[in-house]
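> Have a look at the structure that comes next, please.
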Amino acid sequence: MTTPIDHAAAVAAETARFVATVRAADPATPVPTCPGWTLSDLVRHTGSVQRWFTVLLRQKLQEPPRSRDVELHLPPTPDGYPAWLAEAAAQAGTEFASVDPDAPMWAWGADQHARFWVRRMLFETLVHRVDADLALGLDPDIDPVLAADGVSEFLTNLPFAAGFAPGTAALRGADRTIRFTRTDGDGDWLVRLRPDGFGLDRQAAASADASVRGTAADLLLLLYGRLDRSAGRFEVRGDDELLAHWSANSAF
């Protein structure tokens, strides 16, 4: 039996890694994977999102929020941002400890429970920690179990993301399929594009119109647009135009 992932503990660990990476770095360092951003922008965004999710959990919202405004208490200069990010994770951890993850709650994705926001915060933090690593020329290390969970989380929730990812409305097709397969452990995800939308197909299929094979970490970075399918790290087969269509319209 697979051991459940402790998403709350993983948020704390990924934030600590993020903070350690950027603490001594130049805040003005460009972040190539987030065009137009610097490290200070990246840290400010991640800390802001963590604080917003924490507020949502504290309020246990039952309907979409009318505003995303929260008290950020930003430091006066970017050199204080790493400690500020660590503080955001600590506040989130306190909320995680008090909230029932199974409590019904509004969420923009498939899982209408408080646990949605803990899991979402994890991958928001993890991917931006990787952005910081890449900006500083570091080789990002991603736990393969977390990465596989991140692939599942992304593909499960993407069909619900049209409000902030409008390109997903174009992910339609006449029963076209894309398979993502993990090569370093268990993990196989079949996405079906239908005339009325798209989503994960839980039924196993012998073949797909297009397929991508790679490690869990590489698949996660591919889905988030941090790697291109043409990188030598993937085995790609089938309809390349379909894969290009997916890549162009699945930006999160």
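Chain identifiers are assigned as A, B, and so on, following the order in which chains appear in the structure tokens; residues are numbered from 1 within each chain, and ligands are numbered from 1 in order of appearance.
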Residues near Glu241 (chain A), anyone? I mean within 12 Å using only C-alpha atoms, not counting same-chain ones fewer than 5 positions away, as a VMD selection string.
chain A and resid 176 178 209 to 211 236 246 to 248
> Could you please write out, as a list in words, every residue of region 1-192 of chain A that DSSP assigns to strand (DSSP E or B)?
Pro30, Thr38, Pro104, His113, Arg176, Thr177, Ile178, Arg179, Phe180, Thr181, Arg182, Asp188, Trp189, Leu190, Val191 and Arg192 of chain A
> As an exercise, work out the distance from CA of Ala90 (chain A) to CA of Arg23 (chain A) in Å and give it to one decimal place.
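Spanning CA of Ala90 (chain A) to CA of Arg23 (chain A) is a straight-line distance of 16.8 Å.
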> Please provide as a PyMOL selection string all residues within 12 Å of region 106-114 of chain A, with the sequence filter that same-chain residues fewer than 4 positions apart are discarded (counting only C-alpha atoms).
chain A and resi 7-8+53-65+95-102+118-121+152-164+199-200
> Residues as selected, N, CA and C atoms, written as a compact mmCIF listing (two decimals), in the first residue's frame, can you do that?

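Output file out-v7.txt follows:
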# COMPACT_ATOMS: atom_id res chain seq x y z
N HIS A 7 1.17 16.43 2.70
CA HIS A 7 1.33 17.66 1.93
C HIS A 7 1.72 18.84 2.80
N ALA A 8 1.22 18.88 4.02
CA ALA A 8 1.56 19.99 4.91
C ALA A 8 3.05 19.98 5.24
N PHE A 53 -3.83 31.58 0.47
CA PHE A 53 -4.40 30.25 0.72
C PHE A 53 -4.64 30.05 2.22
N THR A 54 -3.75 30.56 3.04
CA THR A 54 -3.91 30.43 4.49
C THR A 54 -5.17 31.14 4.96
N VAL A 55 -5.43 32.32 4.41
CA VAL A 55 -6.65 33.04 4.75
C VAL A 55 -7.88 32.25 4.31
N LEU A 56 -7.85 31.68 3.12
CA LEU A 56 -8.98 30.88 2.65
C LEU A 56 -9.25 29.72 3.59
N LEU A 57 -8.19 29.05 4.02
CA LEU A 57 -8.35 27.93 4.94
C LEU A 57 -8.90 28.39 6.28
N ARG A 58 -8.41 29.51 6.75
CA ARG A 58 -8.88 30.02 8.05
C ARG A 58 -10.36 30.36 7.99
N GLN A 59 -10.79 30.90 6.87
CA GLN A 59 -12.19 31.30 6.72
C GLN A 59 -13.09 30.14 6.31
N LYS A 60 -12.46 29.05 5.84
CA LYS A 60 -13.22 27.88 5.36
C LYS A 60 -14.32 28.31 4.39
N LEU A 61 -13.92 29.03 3.37
CA LEU A 61 -14.87 29.59 2.41
C LEU A 61 -15.76 28.51 1.80
N GLN A 62 -17.02 28.86 1.62
CA GLN A 62 -17.98 27.96 1.00
C GLN A 62 -18.42 28.45 -0.37
N GLU A 63 -17.87 29.56 -0.82
CA GLU A 63 -18.17 30.11 -2.14
C GLU A 63 -16.96 30.87 -2.63
N PRO A 64 -16.87 31.14 -3.92
CA PRO A 64 -15.67 31.83 -4.44
C PRO A 64 -15.46 33.16 -3.75
N PRO A 65 -14.21 33.47 -3.40
CA PRO A 65 -13.92 34.75 -2.74
C PRO A 65 -14.15 35.92 -3.67
N GLU A 95 -2.06 26.92 10.48
CA GLU A 95 -3.43 26.71 10.00
C GLU A 95 -3.65 25.25 9.61
N PHE A 96 -2.66 24.64 8.98
CA PHE A 96 -2.78 23.24 8.60
C PHE A 96 -3.05 22.36 9.83
N ALA A 97 -2.39 22.69 10.93
CA ALA A 97 -2.51 21.88 12.15
C ALA A 97 -3.89 21.97 12.78
N SER A 98 -4.61 23.04 12.49
CA SER A 98 -5.90 23.24 13.14
C SER A 98 -7.10 22.90 12.25
N VAL A 99 -6.88 22.78 10.95
CA VAL A 99 -7.98 22.55 10.03
C VAL A 99 -8.14 21.06 9.74
N ASP A 100 -9.38 20.62 9.62
CA ASP A 100 -9.65 19.25 9.21
C ASP A 100 -9.50 19.17 7.69
N PRO A 101 -8.55 18.40 7.18
CA PRO A 101 -8.34 18.37 5.73
C PRO A 101 -9.57 17.88 4.97
N ASP A 102 -10.44 17.13 5.64
CA ASP A 102 -11.65 16.61 4.99
C ASP A 102 -12.84 17.56 5.11
N VAL A 118 -4.06 22.77 0.63
CA VAL A 118 -2.74 22.36 1.13
C VAL A 118 -1.93 21.75 -0.01
N ARG A 119 -2.57 20.87 -0.76
CA ARG A 119 -1.89 20.23 -1.89
C ARG A 119 -1.53 21.26 -2.95
N ARG A 120 -2.44 22.20 -3.23
CA ARG A 120 -2.18 23.23 -4.24
C ARG A 120 -1.03 24.12 -3.80
N MET A 121 -0.98 24.46 -2.50
CA MET A 121 0.12 25.28 -2.00
C MET A 121 1.46 24.56 -2.17
N SER A 152 -0.40 14.22 -11.17
CA SER A 152 -1.82 13.89 -10.97
C SER A 152 -2.62 15.12 -10.59
N GLU A 153 -2.07 15.93 -9.69
CA GLU A 153 -2.79 17.13 -9.25
C GLU A 153 -3.01 18.09 -10.41
N PHE A 154 -2.00 18.28 -11.23
CA PHE A 154 -2.10 19.19 -12.36
C PHE A 154 -3.16 18.71 -13.35
N LEU A 155 -3.07 17.45 -13.75
CA LEU A 155 -3.97 16.95 -14.79
C LEU A 155 -5.40 16.80 -14.28
N THR A 156 -5.57 16.56 -12.99
CA THR A 156 -6.91 16.47 -12.41
C THR A 156 -7.59 17.83 -12.39
N ASN A 157 -6.84 18.87 -12.07
CA ASN A 157 -7.44 20.18 -11.85
C ASN A 157 -7.44 21.08 -13.09
N LEU A 158 -6.60 20.79 -14.07
CA LEU A 158 -6.51 21.66 -15.24
C LEU A 158 -7.86 21.90 -15.92
N PRO A 159 -8.75 20.92 -16.04
CA PRO A 159 -10.03 21.19 -16.70
C PRO A 159 -10.89 22.24 -16.00
N PHE A 160 -10.55 22.55 -14.73
CA PHE A 160 -11.33 23.52 -13.96
C PHE A 160 -10.67 24.90 -13.94
N ALA A 161 -9.57 25.08 -14.68
CA ALA A 161 -8.74 26.27 -14.54
C ALA A 161 -9.02 27.35 -15.56
N ALA A 162 -10.11 27.24 -16.30
CA ALA A 162 -10.36 28.18 -17.39
C ALA A 162 -10.44 29.63 -16.92
N GLY A 163 -10.84 29.84 -15.67
CA GLY A 163 -10.96 31.21 -15.16
C GLY A 163 -9.66 31.98 -15.18
N PHE A 164 -8.52 31.29 -15.02
CA PHE A 164 -7.23 31.97 -15.06
C PHE A 164 -6.28 31.35 -16.09
N GLY A 199 -10.16 15.92 -20.13
CA GLY A 199 -9.94 15.48 -18.76
C GLY A 199 -9.23 14.15 -18.74
N LEU A 200 -8.87 13.73 -17.53
CA LEU A 200 -8.23 12.44 -17.37
C LEU A 200 -9.23 11.33 -17.68
> Excluding region 130-132 of chain A and residues on its chain fewer than 5 positions from it, collect all residues at most 9 Å away from it, counting only C-alpha atoms, and give them as a list in words.
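Selected residues are Phe18, Thr21, Val22, Val31, Pro32, Thr33, Cys34, Leu39, Leu42, Val43, Thr125, Gly137, Leu138, Asp139, Pro140, Asp141, Ile142, Leu221 and Arg226 of chain A.
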> Kindly indicate which residue among A:Gly214, A:Gly187, A:Pro166, A:Gly36 lies nearest to Ala148 (chain A), using only C-alpha atoms for the distances.
A:Gly187
> Pick out the residues sitting within 10 Å of Arg194 (chain A), and hand them over as a VMD selection string; count only C-alpha atoms, and ignore anything fewer than 2 positions along from it in its own chain.
chain A and resid 171 to 177 191 to 192 196 to 199
> Can you list, as a ChimeraX atom specification, every protein, DNA or RNA residue that comes within 12 Å of region 68-80 of chain A when you count only C-alpha atoms, leaving out same-chain residues fewer than 5 positions away?
/A:19,22-29,38-56,85-88,91
> Hey, what does DSSP flag as helix (DSSP H, G or I) within region 5-250 of chain A? Can you give it to me as a compact mmCIF listing (two decimals) with C-alpha atoms, in the first residue's frame?

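Written file, selection-v5.txt:
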# COMPACT_ATOMS: atom_id res chain seq x y z
CA HIS A 7 1.33 17.66 1.93
CA ALA A 8 1.56 19.99 4.91
CA ALA A 9 5.01 18.72 5.85
CA ALA A 10 6.08 18.93 2.21
CA VAL A 11 5.02 22.60 2.03
CA ALA A 12 7.28 23.34 5.01
CA ALA A 13 10.19 21.39 3.52
CA GLU A 14 9.89 22.92 0.04
CA THR A 15 9.61 26.43 1.46
CA ALA A 16 12.71 25.85 3.60
CA ARG A 17 14.60 24.75 0.48
CA PHE A 18 13.33 27.79 -1.40
CA VAL A 19 14.45 30.13 1.39
CA ALA A 20 17.87 28.50 1.62
CA THR A 21 18.32 28.88 -2.15
CA VAL A 22 17.50 32.58 -2.34
CA LEU A 39 14.02 36.49 -7.75
CA SER A 40 12.38 39.14 -5.56
CA ASP A 41 9.23 38.93 -7.73
CA LEU A 42 9.28 35.14 -7.46
CA VAL A 43 9.60 35.14 -3.68
CA ARG A 44 6.98 37.86 -3.26
CA HIS A 45 4.54 35.95 -5.46
CA THR A 46 5.04 32.66 -3.60
CA GLY A 47 4.72 34.25 -0.17
CA SER A 48 1.62 36.15 -1.27
CA VAL A 49 -0.04 33.00 -2.57
CA GLN A 50 0.78 31.12 0.63
CA ARG A 51 -0.76 33.90 2.71
CA TRP A 52 -3.87 34.01 0.53
CA PHE A 53 -4.40 30.25 0.72
CA THR A 54 -3.91 30.43 4.49
CA VAL A 55 -6.65 33.04 4.75
CA LEU A 56 -8.98 30.88 2.65
CA LEU A 57 -8.35 27.93 4.94
CA ARG A 58 -8.88 30.02 8.05
CA GLN A 59 -12.19 31.30 6.72
CA PRO A 78 13.75 42.68 -1.01
CA ASP A 79 16.59 41.43 1.17
CA GLY A 80 13.96 40.72 3.80
CA TYR A 81 11.81 38.61 1.47
CA PRO A 82 13.38 35.19 2.25
CA ALA A 83 12.59 35.51 5.97
CA TRP A 84 9.14 36.83 5.05
CA LEU A 85 8.54 33.73 2.90
CA ALA A 86 9.60 31.49 5.78
CA GLU A 87 7.12 33.32 7.99
CA ALA A 88 4.34 32.71 5.45
CA ALA A 89 5.01 28.97 5.56
CA ALA A 90 5.02 29.02 9.36
CA GLN A 91 1.63 30.73 9.38
CA ALA A 92 0.34 28.17 6.90
CA GLY A 93 1.66 25.34 9.07
CA THR A 94 -0.24 26.66 12.06
CA GLU A 95 -3.43 26.71 10.00
CA PHE A 96 -2.78 23.24 8.60
CA ALA A 97 -2.51 21.88 12.15
CA SER A 98 -5.90 23.24 13.14
CA ARG A 115 -7.05 19.49 1.62
CA PHE A 116 -7.21 20.89 -1.92
CA TRP A 117 -5.54 24.11 -0.76
CA VAL A 118 -2.74 22.36 1.13
CA ARG A 119 -1.89 20.23 -1.89
CA ARG A 120 -2.18 23.23 -4.24
CA MET A 121 0.12 25.28 -2.00
CA LEU A 122 2.69 22.50 -2.15
CA PHE A 123 3.00 22.49 -5.91
CA GLU A 124 2.81 26.27 -6.19
CA THR A 125 5.78 26.38 -3.82
CA LEU A 126 7.69 23.45 -5.31
CA VAL A 127 7.54 24.69 -8.90
CA HIS A 128 8.66 28.18 -7.93
CA ARG A 129 11.46 26.74 -5.81
CA VAL A 130 12.59 25.01 -9.00
CA ASP A 131 12.35 28.36 -10.82
CA ALA A 132 14.74 29.82 -8.25
CA ASP A 133 17.13 26.90 -8.66
CA LEU A 134 17.16 27.29 -12.43
CA ALA A 135 17.64 31.05 -12.20
CA PRO A 144 9.90 11.55 -7.44
CA VAL A 145 6.93 10.66 -5.22
CA LEU A 146 6.01 14.32 -4.87
CA ALA A 147 6.56 14.84 -8.58
CA ALA A 148 4.18 12.02 -9.51
CA ASP A 149 1.58 13.44 -7.15
CA GLY A 150 2.12 16.81 -8.78
CA VAL A 151 1.45 15.38 -12.23
CA SER A 152 -1.82 13.89 -10.97
CA GLU A 153 -2.79 17.13 -9.25
CA PHE A 154 -2.10 19.19 -12.36
CA LEU A 155 -3.97 16.95 -14.79
CA THR A 156 -6.91 16.47 -12.41
CA ASN A 157 -7.44 20.18 -11.85
CA LEU A 158 -6.51 21.66 -15.24
CA PRO A 159 -10.03 21.19 -16.70
CA PHE A 160 -11.33 23.52 -13.96
CA PRO A 166 -8.27 30.67 -20.76
CA GLY A 167 -6.28 28.69 -23.29
CA THR A 168 -7.66 25.49 -21.81
CA ALA A 169 -10.96 26.24 -23.56
CA ALA A 170 -9.20 25.26 -26.78
CA ALA A 216 8.06 11.96 -12.77
CA ALA A 217 10.10 15.10 -12.15
CA ASP A 218 10.61 15.78 -15.85
CA LEU A 219 6.92 15.20 -16.60
CA LEU A 220 5.99 17.67 -13.86
CA LEU A 221 8.31 20.31 -15.29
CA LEU A 222 7.01 19.59 -18.80
CA LEU A 223 3.40 20.15 -17.73
CA ASP A 240 3.29 15.99 -32.63
CA GLU A 241 0.70 18.56 -33.72
CA LEU A 242 -1.57 17.31 -30.93
CA LEU A 243 1.25 17.68 -28.41
CA ALA A 244 2.00 21.17 -29.70
CA HIS A 245 -1.69 22.06 -29.32
CA TRP A 246 -1.63 20.78 -25.75
CA SER A 247 1.53 22.70 -24.88
CA ALA A 248 0.20 25.93 -26.37
CA ASN A 249 -3.08 25.82 -24.45
> Could you tell me how far CA of Arg182 (chain A) lies from CA of Leu136 (chain A), in Å and to one decimal?
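Computing it gives 27.4 Å between the two atoms.
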